[in-house]
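*Asks:* Right, I'll just put the structure down here and ask away after.
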Amino acid sequence: MNRLSLLALVAALSASPAAAQMTGATLDFGHSFFTEDSDISKTSLGGSAEFGFGTSFALQGDLGYSRLHGVHENATAAALHGMVYVNPETAIGAFYGIEDLAGDSVDFYGFEVGQKSDLFDVEAYVGRADNSGLTGSMVGLEGRVLMANGFGVGGKVNHLDVEGLDTTRFGLTGDYTLPNGLALTAEIGGVNADDLGLDGTEPYVGIGARFDFGRGAMFSRRSLSAVAPGL
């Protein structure tokens, strides 16, 4: 799928509101930093919205912005997911996105599967990044178990292997949802990326907030910069 195809799908979705119904949306904010050097940090803000076409087909759109404090640059990303629901809780799909960092634009695309229920959420993806000077693979797995009294715990692992950057991120996550629906989130983990000048695996901490409209979006936002908590 190229950029013209992405724009065509978005235009078709906007032009036919009667055929599409918003089934969920998510807004999120986060700040993460390395524990040994908090100046290497990232602040991000974004959102996703999912539109259903009947009971089996859906489109999800992502928009995200990140400030990479370590390199004093901004990253913006947009992605579109097309998915098929094999049952009300499970979907398989494909995604295509564009990310711009310091004026350099990278396309990324791939396949994904996810399940969202009252007891747990889980998703996995595999994809590829591609432009004239940057190609490689991306893969990720994350899950979350809903506990009693509004608590949730989970974990994630992401790997990005593109020319000049080989990065693996793994973390443990926790969240608490307030009565008004706002979820406060926290994450601890480590990043291994020799290409970023890190000495082995460096620990990091993340804090943030998330608000789900309805059941929320099926898939997390896709981007390349999401793999590293700070640059």
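Each chain of the structure tokens is named A, B, ... in the order shown, its residues numbered from 1; ligands are numbered from 1 in display order.
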Applying 12 Å and only C-alpha atoms, which residues near segment 69-71 of chain A remain after dropping the ones on its own chain fewer than 4 positions away? List them as a ChimeraX atom specification.

*Replies:* /A:31-34,37-44,75,101-102,196-197,228-231

*Asks:* Take the selection from the previous step and output its residues with N, CA, C and O atoms, as a CSV table (one decimal), in the first residue's frame.

*Replies:*
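Below is the file out-v3.csv, written as the result:
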chain,number,residue,atom,x,y,z
A,31,HIS,N,5.5,9.8,29.1
A,31,HIS,CA,6.9,10.4,29.2
A,31,HIS,C,7.8,9.3,29.8
A,31,HIS,O,7.5,8.6,30.8
A,32,SER,N,8.9,9.0,29.1
A,32,SER,CA,9.8,7.9,29.5
A,32,SER,C,11.2,8.4,29.4
A,32,SER,O,11.6,9.3,28.6
A,33,PHE,N,12.1,7.8,30.2
A,33,PHE,CA,13.5,8.3,30.3
A,33,PHE,C,14.3,7.2,30.9
A,33,PHE,O,13.9,6.3,31.6
A,34,PHE,N,15.6,7.2,30.5
A,34,PHE,CA,16.6,6.3,31.1
A,34,PHE,C,17.0,6.7,32.5
A,34,PHE,O,17.2,7.9,32.8
A,37,ASP,N,20.4,8.5,32.9
A,37,ASP,CA,20.5,9.8,32.3
A,37,ASP,C,19.1,10.3,31.9
A,37,ASP,O,18.7,10.0,30.8
A,38,SER,N,18.4,11.0,32.8
A,38,SER,CA,17.1,11.3,32.5
A,38,SER,C,16.9,12.4,31.4
A,38,SER,O,15.8,12.7,31.0
A,39,ASP,N,18.1,13.0,31.0
A,39,ASP,CA,18.0,13.9,29.9
A,39,ASP,C,17.7,13.2,28.6
A,39,ASP,O,17.2,13.8,27.6
A,40,ILE,N,18.0,11.9,28.5
A,40,ILE,CA,17.7,11.1,27.3
A,40,ILE,C,16.2,10.6,27.6
A,40,ILE,O,16.0,9.6,28.2
A,41,SER,N,15.3,11.3,27.0
A,41,SER,CA,13.9,11.0,27.3
A,41,SER,C,13.0,11.3,26.1
A,41,SER,O,13.4,11.9,25.2
A,42,LYS,N,11.8,10.9,26.3
A,42,LYS,CA,10.8,11.1,25.2
A,42,LYS,C,9.4,11.5,25.8
A,42,LYS,O,9.0,10.8,26.8
A,43,THR,N,8.8,12.5,25.2
A,43,THR,CA,7.4,12.8,25.6
A,43,THR,C,6.5,12.6,24.4
A,43,THR,O,6.8,13.1,23.3
A,44,SER,N,5.4,11.9,24.6
A,44,SER,CA,4.6,11.6,23.4
A,44,SER,C,3.1,11.8,23.7
A,44,SER,O,2.7,11.7,24.8
A,75,ALA,N,9.2,13.9,16.3
A,75,ALA,CA,8.8,12.8,15.4
A,75,ALA,C,7.3,12.8,15.3
A,75,ALA,O,6.6,12.9,16.3
A,101,LEU,N,10.9,12.1,11.0
A,101,LEU,CA,11.9,12.4,12.0
A,101,LEU,C,12.9,13.3,11.4
A,101,LEU,O,13.7,12.9,10.5
A,102,ALA,N,13.0,14.5,11.9
A,102,ALA,CA,14.0,15.5,11.5
A,102,ALA,C,14.0,15.7,10.0
A,102,ALA,O,15.1,15.8,9.3
A,196,LEU,N,22.7,3.3,19.6
A,196,LEU,CA,22.3,4.6,20.3
A,196,LEU,C,23.4,5.0,21.3
A,196,LEU,O,23.2,6.0,22.0
A,197,GLY,N,24.5,4.3,21.3
A,197,GLY,CA,25.5,4.6,22.3
A,197,GLY,C,25.3,4.1,23.7
A,197,GLY,O,26.0,4.5,24.6
A,228,ALA,N,12.0,3.0,21.2
A,228,ALA,CA,12.9,3.6,22.1
A,228,ALA,C,12.3,4.6,23.0
A,228,ALA,O,11.6,5.5,22.5
A,229,PRO,N,12.5,4.5,24.3
A,229,PRO,CA,11.9,5.4,25.3
A,229,PRO,C,12.5,6.8,25.2
A,229,PRO,O,11.9,7.8,25.7
A,230,GLY,N,13.7,7.0,24.7
A,230,GLY,CA,14.3,8.3,24.6
A,230,GLY,C,15.5,8.2,23.6
A,230,GLY,O,16.1,7.1,23.5
A,231,LEU,N,15.8,9.3,22.9
A,231,LEU,CA,16.9,9.3,22.0
A,231,LEU,C,17.8,10.5,22.3
A,231,LEU,O,17.3,11.5,22.9

*Asks:* Any idea what's packed within 9 Å of His81 of chain A, counting only C-alpha atoms, ignoring anything in its chain fewer than 5 positions away? Could you give it as a VMD selection string?

*Replies:* chain A and resid 50 58 to 62 93 to 97 219

*Asks:* How would the residues just chosen look if you wrote them out with N, CA, C and O atoms as a short mmCIF file (atom, residue, chain, number, x, y, z; two decimals), in the first residue's frame?

*Replies:*
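Printed below is again.cif as written:
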data_model
loop_
_atom_site.label_atom_id
_atom_site.label_comp_id
_atom_site.auth_asym_id
_atom_site.auth_seq_id
_atom_site.Cartn_x
_atom_site.Cartn_y
_atom_site.Cartn_z
N GLU A 50 -11.26 3.85 15.89
CA GLU A 50 -11.64 2.68 15.10
C GLU A 50 -13.07 2.85 14.58
O GLU A 50 -13.97 3.24 15.34
N ALA A 58 -13.27 -3.43 9.86
CA ALA A 58 -13.04 -2.17 10.56
C ALA A 58 -11.77 -1.51 10.05
O ALA A 58 -10.87 -2.17 9.52
N LEU A 59 -11.71 -0.21 10.21
CA LEU A 59 -10.51 0.58 9.95
C LEU A 59 -10.14 1.33 11.22
O LEU A 59 -11.01 1.82 11.94
N GLN A 60 -8.84 1.41 11.49
CA GLN A 60 -8.34 2.18 12.63
C GLN A 60 -7.30 3.16 12.13
O GLN A 60 -6.40 2.80 11.37
N GLY A 61 -7.42 4.40 12.57
CA GLY A 61 -6.44 5.42 12.22
C GLY A 61 -5.68 5.88 13.45
O GLY A 61 -6.24 6.02 14.53
N ASP A 62 -4.35 6.06 13.30
CA ASP A 62 -3.48 6.51 14.39
C ASP A 62 -2.83 7.83 14.02
O ASP A 62 -2.42 8.04 12.86
N GLY A 93 -5.24 -8.20 10.98
CA GLY A 93 -5.24 -7.03 10.12
C GLY A 93 -3.88 -6.74 9.51
O GLY A 93 -2.91 -7.47 9.70
N ALA A 94 -3.85 -5.65 8.76
CA ALA A 94 -2.63 -5.14 8.15
C ALA A 94 -2.57 -3.64 8.42
O ALA A 94 -3.59 -2.98 8.57
N PHE A 95 -1.35 -3.11 8.49
CA PHE A 95 -1.19 -1.69 8.77
C PHE A 95 -0.18 -1.08 7.81
O PHE A 95 0.70 -1.75 7.28
N TYR A 96 -0.34 0.22 7.61
CA TYR A 96 0.60 1.00 6.81
C TYR A 96 0.72 2.36 7.47
O TYR A 96 -0.29 2.96 7.87
N GLY A 97 1.95 2.86 7.60
CA GLY A 97 2.14 4.15 8.26
C GLY A 97 3.30 4.93 7.68
O GLY A 97 4.13 4.40 6.92
N PHE A 219 -5.91 -1.97 18.29
CA PHE A 219 -4.46 -2.08 18.24
C PHE A 219 -3.79 -0.83 18.82
O PHE A 219 -4.34 0.27 18.76
#

*Asks:* Mind checking DSSP for chain A and telling me the strand (DSSP E) residues as a PyMOL selection string?

*Replies:* chain A and resi 21-34+37-53+57-68+73-87+90-101+104-116+120-131+134-146+151-162+165-177+182-192+201-214

*Asks:* Excluding Val153 of chain A and any residue of its chain fewer than 5 positions from it, enumerate the residues within 8 Å of it, using only C-alpha atoms, and give them as a list in words.

*Replies:*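 After dropping sequence-adjacent residues, the list is Arg144, Val145, Leu146, Met147, Leu172, Thr173, Gly174 and Asp175 of chain A.
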
*Asks:* With N, CA and C atoms retained, could you export that selection as a PDB file, in the first residue's frame?

*Replies:*
ATOM      1  N   ARG A 144      -1.803  -7.611  28.407  1.00  0.00           N
ATOM      2  CA  ARG A 144      -2.239  -6.989  29.659  1.00  0.00           C
ATOM      3  C   ARG A 144      -3.369  -7.820  30.242  1.00  0.00           C
ATOM      4  N   VAL A 145      -3.287  -8.075  31.541  1.00  0.00           N
ATOM      5  CA  VAL A 145      -4.328  -8.804  32.262  1.00  0.00           C
ATOM      6  C   VAL A 145      -5.050  -7.835  33.179  1.00  0.00           C
ATOM      7  N   LEU A 146      -6.372  -7.831  33.124  1.00  0.00           N
ATOM      8  CA  LEU A 146      -7.167  -6.943  33.961  1.00  0.00           C
ATOM      9  C   LEU A 146      -7.395  -7.591  35.317  1.00  0.00           C
ATOM     10  N   MET A 147      -7.019  -6.872  36.374  1.00  0.00           N
ATOM     11  CA  MET A 147      -7.163  -7.362  37.731  1.00  0.00           C
ATOM     12  C   MET A 147      -8.410  -6.750  38.371  1.00  0.00           C
ATOM     13  N   LEU A 172       7.800  -4.153  31.755  1.00  0.00           N
ATOM     14  CA  LEU A 172       6.647  -4.556  32.545  1.00  0.00           C
ATOM     15  C   LEU A 172       5.761  -3.334  32.734  1.00  0.00           C
ATOM     16  N   THR A 173       4.461  -3.506  32.579  1.00  0.00           N
ATOM     17  CA  THR A 173       3.536  -2.387  32.625  1.00  0.00           C
ATOM     18  C   THR A 173       2.503  -2.577  33.731  1.00  0.00           C
ATOM     19  N   GLY A 174       1.989  -1.475  34.212  1.00  0.00           N
ATOM     20  CA  GLY A 174       0.912  -1.491  35.188  1.00  0.00           C
ATOM     21  C   GLY A 174       0.029  -0.274  34.993  1.00  0.00           C
ATOM     22  N   ASP A 175      -1.234  -0.386  35.351  1.00  0.00           N
ATOM     23  CA  ASP A 175      -2.146   0.750  35.212  1.00  0.00           C
ATOM     24  C   ASP A 175      -3.257   0.660  36.249  1.00  0.00           C
TER      25      ASP A 175
END

*Asks:* Using only C-alpha atoms, which residues sit within 8 Å of Gly214 of chain A once same-chain residues fewer than 3 positions away are excluded, as a PyMOL selection string?

*Replies:* chain A and resi 23-25

*Asks:* Quick one: of A:Gly208, A:Gly46, A:Gly82, A:Gly110, who's nearest to Arg128 of chain A, counting only C-alpha atoms?

*Replies:*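 Of the candidates, the smallest distance to Arg128 of chain A is held by A:Gly110.
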
*Asks:* In Å, rounded to a single decimal, give me how far atom CA of Gly171 of chain A is from atom CA of Gly206 of chain A.

*Replies:*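 Rounded to one decimal, the two atoms are 9.6 Å apart.
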
*Asks:* From segment 12-85 of chain A, collect each residue whose DSSP state is helix (DSSP H, G or I) and return the set as a PDB file with N, CA, C and O atoms, in the first residue's frame.

*Replies:*
ATOM      1  N   ALA A  12     -12.363   7.843   1.624  1.00  0.00           N
ATOM      2  CA  ALA A  12     -13.557   7.009   1.523  1.00  0.00           C
ATOM      3  C   ALA A  12     -14.264   6.887   2.857  1.00  0.00           C
ATOM      4  O   ALA A  12     -15.490   6.910   2.945  1.00  0.00           O
ATOM      5  N   LEU A  13     -13.475   6.771   3.916  1.00  0.00           N
ATOM      6  CA  LEU A  13     -14.061   6.680   5.254  1.00  0.00           C
ATOM      7  C   LEU A  13     -14.775   7.978   5.628  1.00  0.00           C
ATOM      8  O   LEU A  13     -15.879   7.961   6.172  1.00  0.00           O
ATOM      9  N   SER A  14     -14.155   9.103   5.323  1.00  0.00           N
ATOM     10  CA  SER A  14     -14.760  10.398   5.652  1.00  0.00           C
ATOM     11  C   SER A  14     -15.990  10.685   4.805  1.00  0.00           C
ATOM     12  O   SER A  14     -16.921  11.356   5.244  1.00  0.00           O
ATOM     13  N   ALA A  15     -16.015  10.183   3.577  1.00  0.00           N
ATOM     14  CA  ALA A  15     -17.099  10.491   2.657  1.00  0.00           C
ATOM     15  C   ALA A  15     -18.338   9.641   2.886  1.00  0.00           C
ATOM     16  O   ALA A  15     -19.395   9.927   2.332  1.00  0.00           O
TER      17      ALA A  15
END

*Asks:* Residues at most 7 Å from Tyr85 of chain A, counting only C-alpha atoms, excluding those fewer than 4 positions away in the same chain, as a PyMOL selection string?

*Replies:* chain A and resi 56-57+90-92

*Asks:* Find the residues near Asp28 of chain A: any atom within 8 Å, counting only C-alpha atoms, skip ones fewer than 3 places away on the same chain, and give them as a PyMOL selection string.

*Replies:* chain A and resi 45-47+208-211

*Asks:* Given only C-alpha atoms as the basis, pick out the residue of A:Glu89, A:Asp107, A:Glu202, A:Glu36 nearest to Ala129 of chain A.

*Replies:*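 Of the candidates, the smallest distance to Ala129 of chain A is held by A:Asp107.
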